[in-house]
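Heads up, structure-v9.txt below (compact mmCIF, C-alpha atoms):
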```txt
# COMPACT_ATOMS: atom_id res chain seq x y z
CA MET O 1 -48.49 -127.72 -44.00
CA PHE O 2 -51.31 -128.10 -46.45
CA ASN O 3 -50.87 -128.92 -50.05
CA SER O 4 -52.52 -126.41 -52.26
CA LEU O 5 -55.45 -127.50 -54.33
CA PRO O 6 -54.20 -129.09 -57.54
CA GLY O 7 -54.90 -127.36 -60.81
CA LEU O 8 -55.52 -123.94 -59.32
CA GLU O 9 -53.13 -121.28 -60.51
CA GLY O 10 -52.94 -117.53 -61.00
CA PRO O 11 -52.78 -114.48 -58.74
CA VAL O 12 -56.21 -115.06 -57.18
CA PHE O 13 -55.18 -118.48 -56.03
CA ASP O 14 -51.78 -117.25 -54.84
CA GLN O 15 -53.69 -114.84 -52.67
CA PHE O 16 -55.92 -117.62 -51.45
CA ARG O 17 -52.87 -119.78 -50.71
CA ARG O 18 -51.42 -116.99 -48.63
CA LEU O 19 -54.71 -116.73 -46.78
CA GLN O 20 -54.70 -120.50 -46.25
CA GLU O 21 -51.17 -120.37 -44.91
CA GLU O 22 -52.14 -117.56 -42.57
CA MET O 23 -55.06 -119.53 -41.25
CA ASP O 24 -53.01 -122.70 -40.91
CA GLU O 25 -50.44 -120.75 -38.97
CA LEU O 26 -53.08 -119.11 -36.83
CA PHE O 27 -55.38 -121.99 -35.93
CA GLY O 28 -53.32 -125.03 -36.96
CA GLN O 29 -50.77 -124.62 -34.19
CA TRP O 30 -53.19 -123.91 -31.44
CA ALA O 31 -52.88 -126.31 -28.48
CA PRO O 32 -56.00 -126.63 -26.38
CA PRO O 33 -56.42 -126.03 -22.69
CA THR O 34 -59.83 -127.61 -22.12
CA GLY O 35 -62.50 -124.99 -21.45
CA ILE O 36 -65.16 -125.75 -18.87
CA ARG O 37 -67.91 -125.24 -21.45
CA SER O 38 -66.09 -126.80 -24.37
CA LEU O 39 -67.72 -129.72 -26.19
CA PRO O 40 -66.07 -132.93 -27.35
CA ARG O 41 -64.50 -132.95 -30.80
CA GLY O 42 -67.00 -133.53 -33.54
CA SER O 43 -69.74 -131.55 -31.81
CA PHE O 44 -71.96 -129.32 -33.91
CA PRO O 45 -71.19 -126.61 -34.71
CA PRO O 46 -67.38 -126.42 -34.59
CA VAL O 47 -66.09 -123.07 -33.35
CA ASN O 48 -62.92 -120.99 -33.84
CA VAL O 49 -62.16 -117.86 -31.85
CA GLY O 50 -59.56 -115.27 -32.77
CA ALA O 51 -58.48 -112.22 -30.78
CA SER O 52 -57.41 -108.88 -32.25
CA PRO O 53 -56.43 -105.79 -30.25
CA ASP O 54 -59.84 -104.16 -30.75
CA LYS O 55 -62.23 -107.13 -30.99
CA LEU O 56 -62.86 -110.84 -30.76
CA ASP O 57 -64.09 -112.82 -33.74
CA VAL O 58 -66.03 -116.01 -33.17
CA TYR O 59 -66.55 -118.28 -36.18
CA LEU O 60 -69.27 -120.93 -36.01
CA PHE O 61 -69.22 -123.45 -38.83
CA LEU O 62 -72.97 -123.75 -39.34
CA PRO O 63 -73.77 -124.84 -42.89
CA GLY O 64 -77.31 -124.92 -44.19
CA VAL O 65 -79.12 -122.92 -41.53
CA ASP O 66 -81.33 -119.86 -41.77
CA PRO O 67 -79.34 -117.19 -39.87
CA ARG O 68 -82.58 -115.41 -38.90
CA GLN O 69 -83.63 -118.46 -36.88
CA LEU O 70 -80.51 -118.41 -34.69
CA ASN O 71 -80.51 -117.14 -31.12
CA ILE O 72 -77.33 -115.22 -30.44
CA SER O 73 -76.85 -113.61 -27.04
CA ILE O 74 -74.04 -112.16 -24.98
CA GLN O 75 -74.34 -111.96 -21.23
CA GLN O 76 -71.29 -110.31 -19.73
CA SER O 77 -68.56 -112.34 -21.37
CA LEU O 78 -70.59 -115.46 -22.18
CA LEU O 79 -71.62 -115.78 -25.80
CA THR O 80 -74.41 -118.27 -26.50
CA VAL O 81 -75.58 -119.41 -29.92
CA SER O 82 -78.49 -121.80 -30.20
CA GLY O 83 -80.73 -122.94 -32.99
CA GLU O 84 -81.89 -125.88 -34.96
CA ARG O 85 -80.90 -127.64 -38.12
CA ARG O 86 -83.61 -130.13 -38.89
CA LEU O 87 -82.85 -132.31 -41.89
CA THR O 88 -85.85 -134.03 -43.37
CA ALA O 89 -85.16 -137.45 -44.81
CA ASP O 90 -86.80 -138.44 -48.08
CA GLU O 91 -89.05 -141.30 -47.06
CA LYS O 92 -89.03 -142.89 -50.50
CA ALA O 93 -85.25 -142.91 -50.67
CA ASN O 94 -82.87 -145.54 -49.39
CA TYR O 95 -80.24 -144.01 -47.07
CA TYR O 96 -76.66 -145.30 -47.02
CA ARG O 97 -75.07 -142.59 -44.91
CA GLN O 98 -76.51 -140.01 -42.53
CA GLU O 99 -73.50 -138.34 -40.99
CA ARG O 100 -74.71 -134.74 -41.09
CA PHE O 101 -75.99 -133.22 -37.88
CA SER O 102 -79.74 -132.88 -37.49
CA GLY O 103 -81.50 -131.39 -34.49
CA GLU O 104 -81.09 -128.63 -31.95
CA PHE O 105 -77.72 -127.24 -30.95
CA ASN O 106 -76.41 -124.89 -28.32
CA ARG O 107 -72.90 -123.60 -27.91
CA ALA O 108 -71.67 -121.38 -25.12
CA ILE O 109 -68.32 -119.66 -25.52
CA THR O 110 -66.56 -117.84 -22.72
CA LEU O 111 -64.91 -114.70 -24.07
CA PRO O 112 -62.28 -112.65 -22.24
CA GLU O 113 -63.83 -110.31 -19.68
CA ASP O 114 -62.93 -107.14 -21.54
CA VAL O 115 -65.53 -107.61 -24.28
CA THR O 116 -68.58 -105.43 -24.59
CA ALA O 117 -71.83 -106.56 -26.19
CA ASP O 118 -72.49 -103.04 -27.49
CA GLY O 119 -71.52 -102.92 -31.12
CA ALA O 120 -71.32 -106.68 -31.56
CA GLU O 121 -72.30 -107.79 -35.04
CA ALA O 122 -72.89 -111.06 -36.86
CA ARG O 123 -72.56 -112.07 -40.49
CA TYR O 124 -73.45 -115.33 -42.25
CA ARG O 125 -71.55 -116.31 -45.38
CA ASP O 126 -70.96 -119.69 -47.05
CA GLY O 127 -72.30 -121.45 -43.98
CA VAL O 128 -70.01 -119.66 -41.50
CA LEU O 129 -71.48 -117.40 -38.84
CA GLN O 130 -68.92 -114.76 -37.81
CA ILE O 131 -69.66 -112.80 -34.65
CA SER O 132 -67.44 -109.80 -33.97
CA VAL O 133 -67.46 -108.53 -30.39
CA PRO O 134 -65.63 -105.27 -29.59
CA ARG O 135 -63.25 -105.03 -26.65
CA ARG O 136 -63.36 -102.17 -24.19
CA GLU O 137 -61.00 -99.31 -24.80
CA GLN O 138 -58.86 -99.83 -21.70
CA ALA O 139 -58.13 -103.42 -22.71
CA ARG O 140 -56.42 -102.34 -25.90
CA PRO O 141 -52.66 -101.99 -25.80
CA ARG O 142 -51.59 -98.39 -25.13
CA GLN O 143 -48.41 -96.81 -26.27
CA ILE O 144 -46.51 -95.33 -23.32
CA GLN O 145 -44.32 -92.38 -24.10
CA VAL O 146 -40.89 -92.11 -22.49
CA ARG O 147 -40.33 -88.52 -21.45
CA MET X 1 -54.21 -109.64 -24.15
CA PRO X 2 -51.46 -111.17 -22.07
CA VAL X 3 -53.22 -114.54 -21.87
CA GLU X 4 -53.53 -115.12 -25.61
CA ARG X 5 -50.09 -113.81 -26.31
CA GLU X 6 -48.62 -116.12 -23.73
CA LEU X 7 -50.57 -119.02 -25.16
CA THR X 8 -49.31 -118.32 -28.66
CA SER X 9 -45.71 -117.89 -27.67
CA ARG X 10 -45.76 -120.94 -25.45
CA THR X 11 -47.17 -123.19 -28.13
CA SER X 12 -44.74 -121.93 -30.72
CA GLN X 13 -41.73 -122.41 -28.47
CA ASN X 14 -42.54 -125.77 -26.98
CA PRO X 15 -42.51 -128.46 -29.67
CA ALA X 16 -44.25 -130.93 -27.36
CA ALA X 17 -47.29 -128.67 -27.20
CA GLN X 18 -47.71 -128.64 -30.96
CA PRO X 19 -49.84 -131.11 -32.83
CA SER X 20 -47.59 -133.43 -34.82
CA ARG X 21 -46.73 -132.02 -38.21
CA ARG X 22 -47.63 -134.39 -40.97
CA THR X 23 -45.09 -134.55 -43.73
CA GLU X 24 -46.93 -136.67 -46.32
CA ALA X 25 -49.73 -135.35 -48.52
CA GLU X 26 -52.25 -133.57 -46.35
CA PRO X 27 -55.62 -135.24 -46.78
CA GLY X 28 -57.56 -132.39 -45.19
CA MET X 29 -60.82 -132.65 -43.30
CA ARG X 30 -63.38 -135.31 -44.09
CA PRO X 31 -66.71 -133.53 -44.43
CA PRO X 32 -69.81 -135.29 -43.07
CA VAL X 33 -72.15 -136.54 -45.81
CA ASP X 34 -75.61 -137.95 -46.36
CA VAL X 35 -76.02 -140.36 -49.27
CA PHE X 36 -79.35 -141.69 -50.45
CA GLU X 37 -80.77 -143.44 -53.47
CA ASP X 38 -84.10 -143.27 -55.23
CA ALA X 39 -85.34 -144.87 -58.42
CA ASP X 40 -83.59 -142.33 -60.67
CA GLY X 41 -80.24 -141.91 -59.01
CA LEU X 42 -78.12 -141.08 -55.96
CA THR X 43 -77.91 -137.83 -54.03
CA LEU X 44 -74.94 -136.79 -51.93
CA LEU X 45 -75.10 -133.91 -49.46
CA ALA X 46 -71.87 -132.64 -47.86
CA ASP X 47 -71.30 -130.00 -45.18
CA LEU X 48 -68.53 -127.68 -46.41
CA PRO X 49 -68.81 -124.52 -44.29
CA GLY X 50 -66.51 -121.70 -45.40
CA VAL X 51 -66.23 -122.96 -48.97
CA SER X 52 -67.37 -120.64 -51.73
CA LYS X 53 -68.22 -121.75 -55.26
CA GLU X 54 -64.80 -120.51 -56.42
CA ARG X 55 -62.99 -122.73 -53.92
CA LEU X 56 -64.98 -125.87 -54.62
CA ASP X 57 -63.87 -128.64 -56.94
CA VAL X 58 -66.18 -131.56 -57.73
CA ARG X 59 -64.86 -133.94 -60.38
CA VAL X 60 -64.87 -137.55 -61.53
CA GLU X 61 -61.47 -139.26 -61.86
CA ARG X 62 -61.95 -142.56 -63.68
CA ASP X 63 -64.71 -144.04 -61.56
CA THR X 64 -64.14 -141.95 -58.42
CA LEU X 65 -66.13 -138.90 -57.42
CA VAL X 66 -63.77 -136.39 -55.78
CA VAL X 67 -65.02 -133.51 -53.64
CA GLU X 68 -62.43 -130.91 -52.64
CA GLY X 69 -62.91 -127.51 -51.10
CA GLY X 70 -60.81 -124.73 -49.65
CA LEU X 71 -62.03 -123.07 -46.48
CA GLU X 72 -61.78 -119.31 -46.44
CA ILE X 73 -62.82 -117.01 -43.60
CA ALA X 74 -62.18 -113.32 -43.02
CA LEU X 75 -59.20 -112.94 -40.68
CA PRO X 76 -58.50 -109.48 -39.29
CA GLU X 77 -54.91 -108.28 -39.09
CA GLN X 78 -53.00 -109.08 -35.91
CA MET X 79 -55.39 -111.85 -34.97
CA GLN X 80 -54.29 -114.53 -32.55
CA ALA X 81 -55.98 -117.88 -32.03
CA VAL X 82 -57.87 -118.23 -28.77
CA TYR X 83 -59.74 -121.42 -29.57
CA ALA X 84 -59.92 -123.69 -32.63
CA ASP X 85 -62.06 -126.72 -33.43
CA ILE X 86 -61.23 -126.31 -37.13
CA ARG X 87 -57.48 -126.45 -37.72
CA SER X 88 -57.34 -127.15 -41.41
CA THR X 89 -58.29 -125.21 -44.53
CA ARG X 90 -59.02 -128.07 -46.84
CA TYR X 91 -61.85 -130.55 -47.20
CA GLN X 92 -61.55 -133.70 -49.22
CA ARG X 93 -63.58 -136.84 -49.74
CA ARG X 94 -63.74 -139.53 -52.43
CA PHE X 95 -66.41 -142.00 -53.43
CA ALA X 96 -66.16 -144.91 -55.83
CA LEU X 97 -68.95 -144.83 -58.40
CA SER X 98 -70.40 -147.88 -60.09
CA ASP X 99 -71.12 -148.66 -63.74
CA GLU X 100 -74.85 -148.08 -63.68
CA LEU X 101 -74.35 -144.43 -62.70
CA ASP X 102 -74.08 -141.79 -65.39
CA ALA X 103 -70.93 -139.83 -64.45
CA GLU X 104 -71.41 -137.53 -67.45
CA ALA X 105 -74.72 -136.26 -66.10
CA ILE X 106 -73.66 -135.37 -62.56
CA ASP X 107 -75.09 -132.11 -61.30
CA ALA X 108 -73.69 -130.16 -58.33
CA SER X 109 -74.87 -127.10 -56.45
CA LEU X 110 -73.67 -125.23 -53.36
CA LYS X 111 -75.72 -123.16 -50.96
CA ASP X 112 -74.75 -121.83 -47.52
CA GLY X 113 -71.88 -124.28 -47.24
CA VAL X 114 -73.92 -127.35 -48.20
CA LEU X 115 -72.98 -129.20 -51.39
CA THR X 116 -75.64 -131.20 -53.21
CA VAL X 117 -74.47 -133.68 -55.86
CA ARG X 118 -77.01 -135.54 -57.95
CA ILE X 119 -75.76 -138.64 -59.75
CA PRO X 120 -78.40 -140.04 -62.13
CA LYS X 121 -78.59 -143.68 -63.15
CA ARG X 122 -78.21 -144.59 -66.78
CA ALA X 123 -81.59 -144.99 -68.44
CA GLU X 124 -81.03 -148.71 -69.05
CA SER X 125 -80.13 -149.22 -65.38
CA LYS X 126 -83.30 -147.86 -63.85
CA PRO X 127 -85.22 -150.53 -61.97
CA ARG X 128 -88.04 -152.16 -63.84
CA ARG X 129 -90.84 -153.71 -62.00
CA ILE X 130 -91.22 -157.37 -62.81
CA GLU X 131 -94.77 -158.48 -63.02
CA ILE X 132 -95.65 -161.81 -61.51
CA ARG X 133 -98.25 -163.56 -63.55
CA SER X 134 -100.82 -165.56 -61.78
CA GLN X 135 -101.13 -169.06 -63.14
```
Once more with this new file: its structure as structure tokens, please.
Amino acid sequence: MFNSLPGLEGPVFDQFRRLQEEMDELFGQWAPPTGIRSLPRGSFPPVNVGASPDKLDVYLFLPGVDPRQLNISIQQSLLTVSGERRLTADEKANYYRQERFSGEFNRAITLPEDVTADGAEARYRDGVLQISVPRREQARPRQIQVR
Amino acid sequence: MPVERELTSRTSQNPAAQPSRRTEAEPGMRPPVDVFEDADGLTLLADLPGVSKERLDVRVERDTLVVEGGLEIALPEQMQAVYADIRSTRYQRRFALSDELDAEAIDASLKDGVLTVRIPKRAESKPRRIEIRSQ
């Protein structure tokens, strides 16, 4: 679906290409039922959510923020992330484009009911905040033995 | 997870539910930018979350500044999509430069998914203040 970056070769990039393909397959095909708390396209920050058998991963695309200034909370199955990205314009400069988001933001994401806030963790890397929320044991698929 | 599984299988079986597949060259996402100018040059800031230094390509082709980046996030095994605002893994944007800019002296840096590109003006192109003599 996506052309690979030109001029990039070698095993590292093959691996990256595979990763890209996986992500394209995973999120590229997703068709949206509109969530009650979802925001219009183009809202800041964009969010992806992926479900695994043992946890949910929420990715917030939040470039250029200090992760320590973010408020991240989970109440039952509602995850809320709020914070501020205040861009200061150079007063002596002449601006042609100001497309980047500046100001306060707040995103609320409804997770499936089987999540548990205990053991949730967050990481910030390359401007992406990844929040991993474990799912309760009984929600995980169980193998049933045939006797 | 019956709900997610059902969602995934439904979208993969029903072609009408899929976003249209583009066959021509995939342009990727257009990252938002700020562009401003001061006396010494231009500065471009671009939001490229998920792009590491290794996946970023900033280059000048003839008189065009090209910014390309590959988005990479950690995906656990067996993950299924529940929600996705971002459905592409590639950012791309191009800007035409003009003659008075010094393409050889462009400087780029990346921090926390924000790219900063500084494009200086050629020395002879910097604005000179013109004095108005009183008669």
**Q.** Check: which chain X residues lie within 7 Å of chain O using all atoms listed in the file, as an MDAnalysis selection string
**A.** chainID X and resid 11 17:19 25:26 32:38 47:52 78:89 112:114
Q: Would you work out the distance separating CA of Val115 (chain O) from CA of Arg85 (chain O), expressed in Å to one decimal?
A: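 Computed distance, CA of Val115 (chain O) to CA of Arg85 (chain O), equals 28.8 Å.
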**Q.** Å distance separating CA of Ala96 (chain X) from CA of Gly41 (chain X), one decimal place
**A.**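 Between these atoms lies a distance of 14.7 Å.
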**Q.** Distance query Lys121 (chain X) at most 10 Å, all atoms listed in the file, self and fewer than 2 positions along chain excluded, as number ranges by chain
**A.** X: 37-42, 98-103, 105-106, 118-119, 123-127
Export C-alpha atoms of the chosen residues as a compact mmCIF listing (two decimals), in the frame of the given file?
```
# COMPACT_ATOMS: atom_id res chain seq x y z
CA GLU X 37 -80.77 -143.44 -53.47
CA ASP X 38 -84.10 -143.27 -55.23
CA ALA X 39 -85.34 -144.87 -58.42
CA ASP X 40 -83.59 -142.33 -60.67
CA GLY X 41 -80.24 -141.91 -59.01
CA LEU X 42 -78.12 -141.08 -55.96
CA SER X 98 -70.40 -147.88 -60.09
CA ASP X 99 -71.12 -148.66 -63.74
CA GLU X 100 -74.85 -148.08 -63.68
CA LEU X 101 -74.35 -144.43 -62.70
CA ASP X 102 -74.08 -141.79 -65.39
CA ALA X 103 -70.93 -139.83 -64.45
CA ALA X 105 -74.72 -136.26 -66.10
CA ILE X 106 -73.66 -135.37 -62.56
CA ARG X 118 -77.01 -135.54 -57.95
CA ILE X 119 -75.76 -138.64 -59.75
CA ALA X 123 -81.59 -144.99 -68.44
CA GLU X 124 -81.03 -148.71 -69.05
CA SER X 125 -80.13 -149.22 -65.38
CA LYS X 126 -83.30 -147.86 -63.85
CA PRO X 127 -85.22 -150.53 -61.97
```
Q: Pick out the residues sitting within 7 Å of region 90-94 of chain X, and hand them over as a ChimeraX atom specification; count only C-alpha atoms, and ignore anything fewer than 6 positions along from it in its own chain.
A: /X:27-31,64-71
Q) Distance CA of Leu44 (chain X)-CA of Glu84 (chain O), one decimal place? A)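 Atom-to-atom, CA of Leu44 (chain X) and CA of Glu84 (chain O) are spaced 21.3 Å apart.
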Could you name the residues that touch Leu115 (chain X) at 6 Å or less, counting only C-alpha atoms, but leaving out those on the same chain fewer than 5 positions away, as a short mmCIF file (atom, residue, chain, number, x, y, z; two decimals) with C-alpha atoms, in the coordinates of the input?
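Written output follows (part.cif):
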```cif
data_model
loop_
_atom_site.label_atom_id
_atom_site.label_comp_id
_atom_site.auth_asym_id
_atom_site.auth_seq_id
_atom_site.Cartn_x
_atom_site.Cartn_y
_atom_site.Cartn_z
CA LEU X 45 -75.10 -133.91 -49.46
CA ALA X 46 -71.87 -132.64 -47.86
CA SER X 109 -74.87 -127.10 -56.45
CA LEU X 110 -73.67 -125.23 -53.36
#
```
Q: Taking the point (-66.6, -114.8, -17.9) as given in the file, collect each protein or nucleic acid residue that comes within 8 Å of it, counting all atoms listed in the file, and present the set as a VMD selection string.
A: chain O and resid 76 to 78 110 to 113
**Q.** Local residues around (-69.3, -129.8, -55.7), at most 6 Å away, using only C-alpha atoms, as a list in words
**A.** Leu56, Asp57, Val58, Ala108 and Leu115 of chain X
Region 90-106 of chain X: axis-aligned bounding box, 5 Å on each side, centre and edge lengths in Å, one decimal, as JSON:
```
{"center_x": -66.9, "center_y": -138.4, "center_z": -57.1, "size_x": 25.8, "size_y": 30.6, "size_z": 30.6}
```
Q) In terms of the shortest atom-to-atom distance over all atoms listed in the file, which of O:Asp118, O:Arg135, O:Arg142, O:Glu104 is closest to Ser73 (chain O)? A)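 Ranked by minimum distance to Ser73 (chain O), first place goes to O:Asp118.
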Q) Taking all atoms listed in the file into account, which of O:Val146, O:Ala120, O:Leu70, O:Ile131 comes nearest Ser82 (chain O)? A)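 Between O:Val146, O:Ala120, O:Leu70, O:Ile131, the residue approaching Ser82 (chain O) most closely is O:Leu70.
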